[in-house]
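Colleague: Have a look at the structure that comes next, please.
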Number of protein chains: 2
Amino acid sequence: MKPPERGFPVSEYQARLDRAQALMKAANLSALFLTTEPEIRYFTGFLTRFWESPTRPWYLVVPATGKPVAVIPAIGSHLMSRTWVTDIRTWVSPHYTDDGIGLLADTLAEVAGPDGNIGVPSSAETHLRMPRADWQRLTGLLKQNRLVPDADITRRLRIVKSPREIDKIRTACGVVDRAFSRVPEFARTGELLDRVFRRFQALSLDEGADWIGYLAGAAESQGYGDVISPATSKKIQTGDVLMLDTGVVWDGYFCDFDRNFSIGPPTKAVKDAHARLIDATQAAFEVARPGKTVAALFHAMDAVLTGGNSGDEPGRLGHGLGMQLTEWPSILPQDQTVMEEGMVLTLEPGFALDGGKIMVHEENIVFTDAGAEYLSTPAPRDIRVLD
Amino acid sequence: MKPPERGFPVSEYQARLDRAQALMKAANLSALFLTTEPEIRYFTGFLTRFWESPTRPWYLVVPATGKPVAVIPAIGSHLMSRTWVTDIRTWVSPHYTDDGIGLLADTLAEVAGPDGNIGVPSSAETHLRMPRADWQRLTGLLKQNRLVPDADITRRLRIVKSPREIDKIRTACGVVDRAFSRVPEFARTGELLDRVFRRFQALSLDEGADWIGYLAGAAESQGYGDVISPATSKKIQTGDVLMLDTGVVWDGYFCDFDRNFSIGPPTKAVKDAHARLIDATQAAFEVARPGKTVAALFHAMDAVLTGGNSGDEPGRLGHGLGMQLTEWPSILPQDQTVMEEGMVLTLEPGFALDGGKIMVHEENIVFTDAGAEYLSTPAPRDIRVLD
């Protein structure tokens, strides 16, 4: 299958900006102030792995009218000039006496105008990517402007994906579908787990991933202790459950799903746990449609997993994804987000086996006008068996 | 060559903690409050790619005496329990009314004691990885304690690497040395640049990388426009300069260096620029020894590159590296950091060709008791030519 076109047309960025500015007006915000990779890329298309370097801060100012203004280190000006952004203000960073804060304060004051409120992402799953000392200096310089929460505008926009964004996530899912189907080529009794991790990443690249943003997993008897561990150099043994959970990136968009494999025939407990996880996933898929709350997905899965007895503080059973491996919302009983066409979620039920180990399964879905579609190819009920 | 052992013995973490506590005492700090991946891993050994998920905050409290206290989401407790940390306090995250802040405030107050100052990394190359609203809530709860800058303790500790840390960086460098030597296997006229990026990452995995944290590059005539761009699907052409700049990770430690290749015979300008970059690198290497300032490295390179006429605001010509792709210090004329045995740096001279394009070369070195050693295998003066 031919992958979709890379990037977005200017009309897509203009539409994002229009929606942001309508929400800013309603929230009485004269500007948004953004500092993190996904926030800045969402409004500009600035795509680089250079964010791996913590050295330099990057700033974007979204005005109430007109296009975003980039206030960035000079090292980024060539790449930013290839986006639709035209007002690009740079300084040579790192700078030991003023690492862009004077330029930033002037820009914010100019864009927001006297007494304008400047919205800053402040709630869950956000942070301010700048040194704390620079933030304090900035607030000192911005005497006329109030820095206030952003009324969750970045969340409200990013939580619903456009058809082009969905195509990119679908492409990433396809890469990983194909990589998972090839795991039997190299995962077997006696192989080292860290070699399996390496081979799986190389296969994902071979299948078209731009890069591998995330990989975790385990190979243990009767389930595993957690779902976030890196590979050890342990030898895979007959009787292990091998789990690989990955988020690969295609054109800046993630997939995020896992697969479980039984090394040799599964025990009844493992076989039943896997079947139950698939049933839970499918139960959520069947109630997934616009207009329902995210909580309904939780309850559909929880009924299968625990008979609805998950206790007072259950963990979440899935989440949004897109420009990041995990995004809002969380599939929790207290999440009252109303589902909309274009939202992309993972369904991620987990199950504790006797003995304390767990198993987790995960698929990616998108909400359509009438229901939902799988973006990953759903796994069969029977756990896949490797030699 | 057999790679070194993974992880660190407890004695290494104890030594880091002892040094931190001596500096805390001198700075009148009763605790350190840490929120980012390298800060937390430095004191605990908590190594996971799960930081790719922005959803959950992670907190570490380093007391004035005794071991660090982890205040983390329950999903991390199994992995954290495999480190040397024993006091692990968890909550189920995400939590919509209190995402760990009550637990964190209680822990900080308990550890820092009444009126104790709590140090928070605040200066260049740091940030606070938690939602701004949660930070405000925390400061409201901590009425008895002052949250103050951390006296650069995390920087002062991390800037000097232990022998075991250096071995890990050397291992990462060796992986990339071998991968660069294999670029002729797949980079040639007519090949797509994004395929070259994929193959290079897969080769690095094949050569032993745990994962590829960073890759940027370009293939253009007479140099390139920047050094931070991702691959496009352009066809490599005869006459292009192909540059690949990568940071691969081995056991949580980065290398960071690049290589330039000429596709077909280089022009005189490209050939000369490359030779000059190598000469600049070597000039810095020759003055590199403990007791000198970082600025001396800048001046040694700048003399070769511009005859010492780099102007008022030159960009940096290298930087530290280790747990992150880039770390303090920066090779700038104003950086007065005195070099010490155990510091690891990139030497990264850049040169602007006529026509506005640039070329950049990069090697990794470590300071020894008497001078410096290359961790990457230094490239020859003549740019490597591919068909």
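Residue names in the structure tokens use chain letters A, B, ... in the order shown, residue numbers from 1 in each chain, and ligand numbers from 1 in the order shown.
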Just the residues within 9 Å of region 92-99 of chain B, please, counting only C-alpha atoms, with nothing from its chain fewer than 4 positions along; format it as a PDB file with C-alpha atoms, in the first residue's frame.
Modeller:
ATOM      1  CA  ALA A 124      -2.558  17.406  32.709  1.00  0.00           C
ATOM      2  CA  GLU A 313      -8.783   3.324  41.888  1.00  0.00           C
ATOM      3  CA  PRO A 314      -8.472   1.324  38.711  1.00  0.00           C
ATOM      4  CA  GLY A 315      -5.721   2.021  36.212  1.00  0.00           C
ATOM      5  CA  ARG A 316      -6.681   3.327  32.825  1.00  0.00           C
ATOM      6  CA  SER A 330      -7.660   8.411  29.517  1.00  0.00           C
ATOM      7  CA  LEU A 332     -11.086   5.782  33.128  1.00  0.00           C
ATOM      8  CA  GLN A 334     -14.211   9.303  35.745  1.00  0.00           C
ATOM      9  CA  ASP A 335     -13.421  10.507  32.202  1.00  0.00           C
TER      10      ASP A 335
ATOM     11  CA  THR B  55       0.893  11.628  30.483  1.00  0.00           C
ATOM     12  CA  ARG B  56       2.367  10.826  33.851  1.00  0.00           C
ATOM     13  CA  PRO B  57       4.621  12.950  36.049  1.00  0.00           C
ATOM     14  CA  ILE B  72       5.844   7.848  41.132  1.00  0.00           C
ATOM     15  CA  PRO B  73       2.827   6.442  39.305  1.00  0.00           C
ATOM     16  CA  ALA B  74       1.996   2.868  40.326  1.00  0.00           C
ATOM     17  CA  ILE B  75       2.729   1.693  36.774  1.00  0.00           C
ATOM     18  CA  LEU B 103       1.591  12.656  48.254  1.00  0.00           C
ATOM     19  CA  ASP B 134       0.275  21.046  39.585  1.00  0.00           C
TER      20      ASP B 134
END
Colleague: Per residue of chain A within 7 Å of chain B, what are the shortest atom pair and its distance in Å to one decimal, counting only C-alpha atoms, with rows by chain and residue number, as JSON lines?
Modeller:
{"residue": "A:Thr48", "atom": "CA", "partner": "B:Pro230", "partner_atom": "CA", "distance": 5.6}
{"residue": "A:Arg49", "atom": "CA", "partner": "B:Tyr214", "partner_atom": "CA", "distance": 6.0}
{"residue": "A:Phe50", "atom": "CA", "partner": "B:Ile228", "partner_atom": "CA", "distance": 5.8}
{"residue": "A:Glu52", "atom": "CA", "partner": "B:Leu325", "partner_atom": "CA", "distance": 6.6}
{"residue": "A:Ser53", "atom": "CA", "partner": "B:Thr326", "partner_atom": "CA", "distance": 5.3}
{"residue": "A:Pro54", "atom": "CA", "partner": "B:Glu125", "partner_atom": "CA", "distance": 5.4}
{"residue": "A:Thr55", "atom": "CA", "partner": "B:Glu125", "partner_atom": "CA", "distance": 4.5}
{"residue": "A:Arg56", "atom": "CA", "partner": "B:Glu125", "partner_atom": "CA", "distance": 6.8}
{"residue": "A:His78", "atom": "CA", "partner": "B:Asp226", "partner_atom": "CA", "distance": 6.3}
{"residue": "A:Leu79", "atom": "CA", "partner": "B:Ser229", "partner_atom": "CA", "distance": 6.6}
{"residue": "A:Val92", "atom": "CA", "partner": "B:Gly315", "partner_atom": "CA", "distance": 6.3}
{"residue": "A:Ser122", "atom": "CA", "partner": "B:Arg132", "partner_atom": "CA", "distance": 4.6}
{"residue": "A:Ser123", "atom": "CA", "partner": "B:Pro131", "partner_atom": "CA", "distance": 5.4}
{"residue": "A:Ala124", "atom": "CA", "partner": "B:Pro131", "partner_atom": "CA", "distance": 5.8}
{"residue": "A:Glu125", "atom": "CA", "partner": "B:Thr55", "partner_atom": "CA", "distance": 4.5}
{"residue": "A:Thr126", "atom": "CA", "partner": "B:Pro131", "partner_atom": "CA", "distance": 5.2}
{"residue": "A:His127", "atom": "CA", "partner": "B:Pro131", "partner_atom": "CA", "distance": 4.7}
{"residue": "A:Leu128", "atom": "CA", "partner": "B:Leu128", "partner_atom": "CA", "distance": 6.9}
{"residue": "A:Arg129", "atom": "CA", "partner": "B:His127", "partner_atom": "CA", "distance": 5.7}
{"residue": "A:Met130", "atom": "CA", "partner": "B:His127", "partner_atom": "CA", "distance": 5.3}
{"residue": "A:Pro131", "atom": "CA", "partner": "B:His127", "partner_atom": "CA", "distance": 4.6}
{"residue": "A:Arg132", "atom": "CA", "partner": "B:Ser122", "partner_atom": "CA", "distance": 4.6}
{"residue": "A:Ala133", "atom": "CA", "partner": "B:Ser122", "partner_atom": "CA", "distance": 5.2}
{"residue": "A:Arg198", "atom": "CA", "partner": "B:Leu205", "partner_atom": "CA", "distance": 5.6}
{"residue": "A:Ala202", "atom": "CA", "partner": "B:Ala202", "partner_atom": "CA", "distance": 4.6}
{"residue": "A:Leu205", "atom": "CA", "partner": "B:Arg198", "partner_atom": "CA", "distance": 5.6}
{"residue": "A:Asp210", "atom": "CA", "partner": "B:Arg198", "partner_atom": "CA", "distance": 6.6}
{"residue": "A:Tyr214", "atom": "CA", "partner": "B:Arg49", "partner_atom": "CA", "distance": 6.0}
{"residue": "A:Leu215", "atom": "CA", "partner": "B:Arg49", "partner_atom": "CA", "distance": 6.8}
{"residue": "A:Gly225", "atom": "CA", "partner": "B:His78", "partner_atom": "CA", "distance": 6.4}
{"residue": "A:Asp226", "atom": "CA", "partner": "B:His78", "partner_atom": "CA", "distance": 6.3}
{"residue": "A:Ile228", "atom": "CA", "partner": "B:Phe50", "partner_atom": "CA", "distance": 5.8}
{"residue": "A:Ser229", "atom": "CA", "partner": "B:Thr48", "partner_atom": "CA", "distance": 5.7}
{"residue": "A:Pro230", "atom": "CA", "partner": "B:Thr48", "partner_atom": "CA", "distance": 5.6}
{"residue": "A:Glu313", "atom": "CA", "partner": "B:Val92", "partner_atom": "CA", "distance": 6.7}
{"residue": "A:Gly315", "atom": "CA", "partner": "B:Val92", "partner_atom": "CA", "distance": 6.3}
{"residue": "A:Leu325", "atom": "CA", "partner": "B:Ser53", "partner_atom": "CA", "distance": 5.6}
{"residue": "A:Thr326", "atom": "CA", "partner": "B:Ser53", "partner_atom": "CA", "distance": 5.3}
{"residue": "A:Glu327", "atom": "CA", "partner": "B:Thr55", "partner_atom": "CA", "distance": 6.7}
Colleague: Mind pulling up the distance from CA of Gly116 (chain A) to CA of Pro68 (chain A)?
Modeller: 16.3 Å
Colleague: Which residue out of B:Glu286, B:Asp258, B:Asp354, B:Asp312 has the minimum interatomic distance to Ser181 (chain B) when only C-alpha atoms are used?
Modeller: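 Nearest candidate to Ser181 (chain B) out of B:Glu286, B:Asp258, B:Asp354, B:Asp312: B:Asp258.
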Colleague: Give me, please, the distance in Å between CA of Glu362 (chain B) and CA of Leu157 (chain B), quoted to one decimal.
Modeller: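 Going from CA of Glu362 (chain B) over to CA of Leu157 (chain B) covers 24.7 Å.
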